[in-house]
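Coordinates as given in start22.txt (compact mmCIF, C-alpha atoms):
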# COMPACT_ATOMS: atom_id res chain seq x y z
CA MET H 39 37.61 -39.15 23.85
CA ALA H 40 37.16 -35.42 24.12
CA VAL H 41 40.32 -33.37 24.39
CA PRO H 42 40.71 -29.63 24.83
CA ASN H 43 41.26 -27.65 21.70
CA PRO H 44 43.46 -24.65 22.39
CA ALA H 45 42.30 -22.98 19.19
CA ALA H 46 38.60 -23.26 20.00
CA ASN H 47 38.15 -19.83 21.53
CA SER H 48 40.05 -17.92 18.90
CA PHE H 49 38.28 -19.86 16.16
CA SER H 50 34.92 -19.01 17.65
CA VAL H 51 35.74 -15.35 17.98
CA MET H 52 36.92 -15.19 14.41
CA MET H 53 33.71 -16.80 13.25
CA ALA H 54 31.46 -14.67 15.40
CA PRO H 55 29.19 -12.26 13.55
CA ARG H 56 29.70 -8.62 14.15
CA GLU H 57 27.86 -6.99 17.01
CA VAL H 58 27.64 -10.20 19.04
CA PRO H 59 29.02 -9.52 22.51
CA LEU H 60 32.13 -11.50 23.26
CA SER H 61 30.54 -12.81 26.44
CA ILE H 62 27.83 -14.51 24.42
CA VAL H 63 30.38 -16.04 22.09
CA ARG H 64 32.36 -17.39 25.04
CA GLN H 65 29.21 -18.77 26.58
CA ALA H 66 28.26 -20.48 23.36
CA THR H 67 31.76 -21.84 23.01
CA ALA H 68 31.62 -23.25 26.50
CA ARG H 69 28.39 -25.00 25.66
CA SER H 70 29.53 -26.33 22.35
CA GLU H 71 30.46 -29.90 21.94
CA LEU H 72 34.00 -30.49 20.89
CA ARG H 73 34.82 -33.79 19.39
CA VAL H 74 38.04 -35.01 17.91
CA LYS H 75 38.07 -37.77 15.34
CA GLY H 76 41.59 -38.31 14.20
CA GLU H 77 42.72 -34.96 12.86
CA VAL H 78 39.23 -33.68 12.08
CA VAL H 79 37.71 -31.42 14.68
CA GLU H 80 33.94 -31.18 14.57
CA GLU H 81 32.52 -28.25 16.41
CA THR H 82 28.98 -26.98 16.41
CA ILE H 83 28.39 -23.51 17.75
CA THR H 84 25.08 -21.75 17.59
CA VAL H 85 25.24 -18.05 18.29
CA TYR H 86 22.21 -15.95 17.71
CA ARG H 87 20.75 -12.72 18.86
CA ASP H 88 17.28 -11.33 18.94
CA ALA H 89 16.43 -9.42 15.82
CA VAL H 90 16.00 -5.68 16.01
CA ASP H 91 12.90 -3.66 15.17
CA GLN H 92 10.48 -6.43 16.11
CA GLU H 93 9.14 -4.81 19.27
CA ASP H 94 5.91 -3.58 17.71
CA LEU H 95 5.09 -7.00 16.31
CA GLN H 96 5.78 -8.70 19.62
CA TRP H 97 3.70 -6.10 21.43
CA LEU H 98 0.86 -6.79 18.98
CA LEU H 99 1.08 -10.51 19.67
CA ARG H 100 1.20 -10.01 23.43
CA ASN H 101 -1.86 -7.77 23.39
CA PHE H 102 -3.75 -8.99 20.40
CA LYS H 103 -6.78 -10.33 22.27
CA LYS H 104 -7.35 -6.96 23.95
CA LEU H 105 -6.77 -5.14 20.66
CA LEU H 106 -9.15 -7.45 18.85
CA GLU H 107 -11.91 -6.76 21.37
CA ARG H 108 -11.40 -3.01 21.07
CA TYR H 109 -10.64 -2.56 17.38
CA GLU H 110 -12.35 -5.46 15.65
CA GLY H 111 -12.92 -4.69 11.98
CA LYS H 112 -10.58 -1.70 12.05
CA PHE H 113 -7.15 -1.20 10.64
CA VAL H 114 -4.76 -0.26 13.41
CA ALA H 115 -1.38 1.43 13.10
CA ILE H 116 1.10 0.34 15.75
CA CYS H 117 4.25 2.24 16.54
CA ARG H 118 6.48 2.27 19.62
CA GLU H 119 4.39 -0.43 21.23
CA ARG H 120 1.05 1.34 21.13
CA VAL H 121 -1.82 2.02 18.77
CA VAL H 122 -1.20 5.42 17.23
CA ALA H 123 -4.03 5.52 14.68
CA THR H 124 -6.99 3.56 13.40
CA GLY H 125 -9.01 3.64 10.22
CA ASP H 126 -11.51 1.83 8.06
CA SER H 127 -8.88 1.14 5.41
CA TRP H 128 -5.18 0.42 5.35
CA GLY H 129 -4.50 3.79 3.79
CA GLU H 130 -6.60 5.71 6.29
CA ALA H 131 -4.81 4.23 9.28
CA PHE H 132 -1.43 4.68 7.62
CA GLU H 133 -2.06 8.31 6.68
CA ARG H 134 -3.32 9.19 10.15
CA ALA H 135 -0.22 7.69 11.69
CA GLN H 136 1.97 9.63 9.26
CA GLU H 137 0.16 12.86 10.06
CA ARG H 138 0.89 12.30 13.73
CA GLY H 139 4.55 11.77 13.01
CA PHE H 140 4.69 8.00 13.38
CA THR H 141 6.49 7.22 10.16
CA GLY H 142 7.44 3.68 11.15
CA ALA H 143 3.92 2.57 12.02
CA MET H 144 2.92 -0.98 11.11
CA VAL H 145 -0.66 -1.31 9.92
CA ILE H 146 -2.71 -4.45 10.29
CA LYS H 147 -6.40 -5.25 10.16
CA MET H 148 -7.94 -6.68 13.30
CA THR H 149 -10.27 -9.30 11.91
CA ARG H 150 -11.64 -11.97 14.15
CA ASP H 151 -12.29 -14.42 11.32
CA LYS H 152 -8.69 -14.54 10.22
CA TRP H 153 -6.89 -13.88 13.48
CA SER H 154 -8.98 -16.33 15.39
CA ARG H 155 -7.52 -19.08 13.24
CA TRP H 156 -4.34 -18.51 15.14
CA TYR H 157 -6.05 -20.15 18.05
CA GLY H 158 -7.35 -23.04 16.02
CA ALA H 159 -5.79 -26.12 14.54
CA PRO H 160 -2.90 -25.26 12.26
CA LEU H 161 -4.21 -27.55 9.54
CA ASN H 162 -7.35 -25.46 9.27
CA SER H 163 -5.32 -22.34 8.64
CA LEU H 164 -4.93 -20.72 5.29
CA HIS H 165 -1.53 -19.45 6.29
CA GLY H 166 1.41 -20.77 4.37
CA THR H 167 -0.41 -22.11 1.38
CA VAL H 168 -0.85 -19.22 -1.03
CA SER H 169 1.60 -19.37 -3.88
CA VAL H 170 2.14 -17.77 -7.23
CA MET O 288 32.74 -33.03 6.53
CA PRO O 289 29.96 -31.92 8.85
CA ARG O 290 28.46 -28.55 8.13
CA SER O 291 27.24 -26.32 10.86
CA ILE O 292 25.05 -23.33 10.28
CA ARG O 293 25.29 -20.49 12.67
CA PHE O 294 22.10 -18.48 12.72
CA THR O 295 22.64 -14.89 13.67
CA GLU O 296 19.09 -13.58 13.93
CA ARG O 297 16.24 -14.84 16.03
CA PHE O 298 12.67 -13.64 15.50
CA ARG O 299 10.14 -14.49 18.17
CA TYR O 300 6.46 -14.73 17.43
CA GLU O 301 5.00 -16.09 20.63
CA ILE O 302 1.41 -15.05 21.17
CA ALA O 303 -0.36 -14.59 24.46
CA ASP O 304 -2.58 -17.31 25.89
CA GLY O 305 -0.84 -20.14 24.11
CA GLY O 306 -2.26 -19.38 20.68
CA ASN O 307 -0.92 -20.72 17.45
CA PRO O 308 0.18 -17.80 15.29
CA PRO O 309 1.94 -18.23 11.98
CA PRO O 310 5.64 -17.34 11.87
CA LEU O 311 5.54 -13.57 11.69
CA VAL O 312 8.16 -10.90 11.27
CA ARG O 313 8.02 -7.14 10.94
CA ALA O 314 9.54 -5.99 7.67
CA GLU O 315 10.41 -2.55 6.38
CA ILE O 316 9.78 -2.26 2.67
CA SER O 317 10.81 0.56 0.38
CA THR O 318 11.44 1.34 -3.23
CA ASP O 319 13.71 4.32 -3.52
CA GLY O 320 14.20 5.10 0.15
CA SER O 321 11.68 7.93 0.20
CA HIS O 322 8.71 5.60 0.51
CA GLN O 323 9.14 3.19 3.39
CA ILE O 324 6.48 1.27 5.20
CA ALA O 325 6.41 -1.38 7.89
CA VAL O 326 4.34 -4.48 7.28
CA PRO O 327 3.90 -7.76 9.09
CA LEU O 328 4.91 -10.71 6.93
CA ILE O 329 4.31 -14.39 7.40
CA VAL O 330 7.49 -16.28 6.61
CA ASP O 331 6.12 -18.85 4.20
CA SER O 332 8.31 -21.41 2.50
CA GLY O 333 5.22 -22.61 0.64
CA ALA O 334 4.77 -19.32 -1.19
CA ALA O 335 6.76 -18.75 -4.33
CA GLY O 336 7.71 -15.18 -3.57
CA LEU O 337 6.87 -11.97 -1.80
CA LEU O 338 3.12 -11.30 -1.82
CA LEU O 339 1.80 -7.99 -0.57
CA PRO O 340 -1.67 -6.49 -0.29
CA SER O 341 -2.32 -4.20 -3.22
CA GLU O 342 -3.54 -1.38 -0.94
CA ILE O 343 0.02 -0.54 0.04
CA ALA O 344 1.40 -0.11 -3.49
CA PRO O 345 0.54 3.62 -3.79
CA TYR O 346 2.23 4.31 -0.49
CA LEU O 347 5.39 2.74 -1.86
CA GLY O 348 5.17 5.03 -4.86
CA ILE O 349 4.32 2.15 -7.16
CA ASP O 350 1.88 2.59 -10.03
CA LEU O 351 0.23 -0.73 -10.79
CA SER O 352 -1.92 0.54 -13.66
CA ALA O 353 0.41 -0.96 -16.24
CA ALA O 354 1.69 -3.84 -14.14
CA GLU O 355 1.90 -7.33 -15.58
CA GLU O 356 -0.82 -9.67 -14.44
CA VAL O 357 0.21 -13.01 -13.01
CA PRO O 358 -1.96 -15.90 -11.83
CA VAL O 359 -2.11 -16.42 -8.09
CA GLY O 360 -3.45 -19.51 -6.45
CA GLY O 361 -3.66 -21.37 -3.20
CA VAL O 362 -6.22 -22.93 -0.95
CA ALA O 363 -7.66 -19.44 -0.43
CA GLY O 364 -8.71 -19.52 -4.06
CA ALA O 365 -7.39 -18.51 -7.43
CA GLY O 366 -7.07 -14.99 -8.73
CA THR O 367 -4.82 -12.51 -10.40
CA GLY O 368 -1.91 -10.62 -8.97
CA LEU O 369 0.01 -7.65 -10.29
CA LYS O 370 3.74 -7.98 -10.58
CA SER O 371 5.58 -5.02 -9.15
CA PRO O 372 7.35 -3.11 -11.93
CA VAL O 373 10.24 -2.39 -9.57
CA GLN O 374 12.15 -4.49 -7.09
CA LEU O 375 11.51 -3.71 -3.46
CA HIS O 376 14.11 -3.29 -0.78
CA VAL O 377 13.09 -5.53 2.10
CA ARG O 378 14.72 -5.25 5.51
CA ILE O 379 13.88 -7.60 8.34
CA GLY O 380 15.85 -6.95 11.48
CA ARG O 381 19.46 -6.58 10.40
CA LEU O 382 18.99 -8.55 7.18
CA ALA O 383 18.06 -6.99 3.86
CA CYS O 384 17.87 -7.77 0.18
CA ARG O 385 16.05 -6.69 -2.96
CA CYS O 386 12.96 -8.71 -3.77
CA ASN O 387 10.50 -9.02 -6.61
CA ALA O 388 6.94 -8.76 -5.40
CA VAL O 389 3.39 -9.49 -6.47
CA PHE O 390 0.54 -7.35 -5.22
CA ILE O 391 -2.77 -9.07 -4.67
CA LYS O 392 -6.11 -8.18 -3.18
CA SER O 393 -5.95 -8.53 0.56
CA VAL O 394 -8.99 -10.82 0.60
CA MET O 395 -6.59 -13.54 -0.51
CA LEU O 396 -4.09 -12.75 2.21
CA PRO O 397 -4.33 -13.40 5.95
CA ASP O 398 -4.14 -9.67 6.78
CA CYS O 399 -0.39 -9.80 6.30
CA GLY O 400 2.02 -10.15 3.44
CA LEU O 401 3.73 -13.43 2.69
CA LEU O 402 7.49 -13.76 2.51
CA GLY O 403 8.06 -16.61 0.08
CA ARG O 404 11.01 -18.37 -1.42
CA GLU O 405 12.13 -16.24 -4.34
CA ASP O 406 14.87 -13.78 -3.43
CA TRP O 407 14.67 -13.96 0.36
CA PHE O 408 15.20 -17.70 0.65
CA HIS O 409 17.96 -17.46 -1.95
CA ASN O 410 19.82 -14.95 0.14
CA PHE O 411 19.16 -16.24 3.63
CA GLU O 412 19.04 -19.56 5.41
CA VAL O 413 15.75 -19.78 7.28
CA ALA O 414 14.87 -22.22 10.03
CA PHE O 415 11.61 -22.60 11.88
CA ARG O 416 11.45 -23.69 15.50
CA HIS O 417 7.71 -23.58 15.81
CA LYS O 418 7.60 -25.28 19.17
CA LEU O 419 9.62 -22.37 20.55
CA ARG O 420 7.82 -19.85 18.30
CA GLU O 421 11.11 -18.78 16.77
CA ILE O 422 12.43 -18.17 13.29
CA LEU O 423 16.20 -18.23 12.80
CA MET O 424 17.95 -16.59 9.89
CA VAL O 425 21.46 -16.02 8.62
CA SER O 426 22.96 -14.87 5.33
CA ALA O 427 23.33 -17.82 2.97
CA SER O 428 26.94 -18.60 2.21

What do you get writing this file as structure tokens?
Amino acid sequence: MAVPNPAANSFSVMMAPREVPLSIVRQATARSELRVKGEVVEETITVYRDAVDQEDLQWLLRNFKKLLERYEGKFVAICRERVVATGDSWGEAFERAQERGFTGAMVIKMTRDKWSRWYGAPLNSLHGTVSV
Amino acid sequence: MPRSIRFTERFRYEIADGGNPPPLVRAEISTDGSHQIAVPLIVDSGAAGLLLPSEIAPYLGIDLSAAEEVPVGGVAGAGTGLKSPVQLHVRIGRLACRCNAVFIKSVMLPDCGLLGREDWFHNFEVAFRHKLREILMVSAS
């Protein structure tokens, strides 16, 4: 039988990672399941936050079909959710982005052969199998 | 005693139009702090370690001319990689650690680097929720 645990909130706050808003911790605590078996309290709390600095990657994924049609075969440098430079090699795209002041640009090659696998069956993909 | 793992970082890799992308993250890689580049990495528990395209080595200030050769293999074929003579500082979101790396020709890579087990998986718990297109991570205790 579930019983309230007066220490649950303070325990959760103590365990919370830094930078997690208290409101999220409280919400997670409210959702957590609290079970009491004898004197052992089992509590499962999952608190997570979206990682930082992933905006350019997510923008790439959201727009990749359009980008593929426009830049197929090119290396593109993406920074602040837009294409800031292109080139025929990784270095060319990277250097052009640097020259324009986009030091955090992420460069990737837009290749239909490889990217199109992302729309195919996972078992046909080469991803996740290369090892040293 | 039940163990619960609290993941602190969530990385989303949902693609438009219901595609099936590999689990991708954006990583910032540097050597001494003065050379820093952003690269997309596939989080790959099947890879032994961090694999990067050799084109980026000069931009990290790494000279591979005397680097140790190591065999590299997978379903993409077999070849030779060059072991980085220095450890790289890898930061993904709020998480970071030093990693050994092998540089290989990009023809063997799916246009991205691979983030394999050595170093990163020793330092961080990693969970895949592919149905939700999410990767969860937290520092390993």

Quick one: residues within 12 Å of stretch 133-146 of chain H, all atoms listed in the file, excluding same-chain residues fewer than 6 positions away - as a PyMOL selection string? (chain H and resi 91-99+102+105-106+109-127+152-153) or (chain O and resi 312-317+321-328+340+342-343+345-346+393+396-400)

For a test of reading the model, state the distance in Å between atom CA of O:Val357 and atom CA of O:Asp406, rounded to one decimal.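 A separation of 17.5 Å between them.
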
Could you check how far atom CA of O:Gly336 sits from atom CA of O:Asn387, in Å to one decimal?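 Distance between the two atoms: 7.4 Å.
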
For the atom pair atom CA of O:Lys418 and atom CA of H:Lys147, what is the interatomic distance in Å to one decimal place?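 Value for the atom CA of O:Lys418-atom CA of H:Lys147 distance: 26.0 Å.
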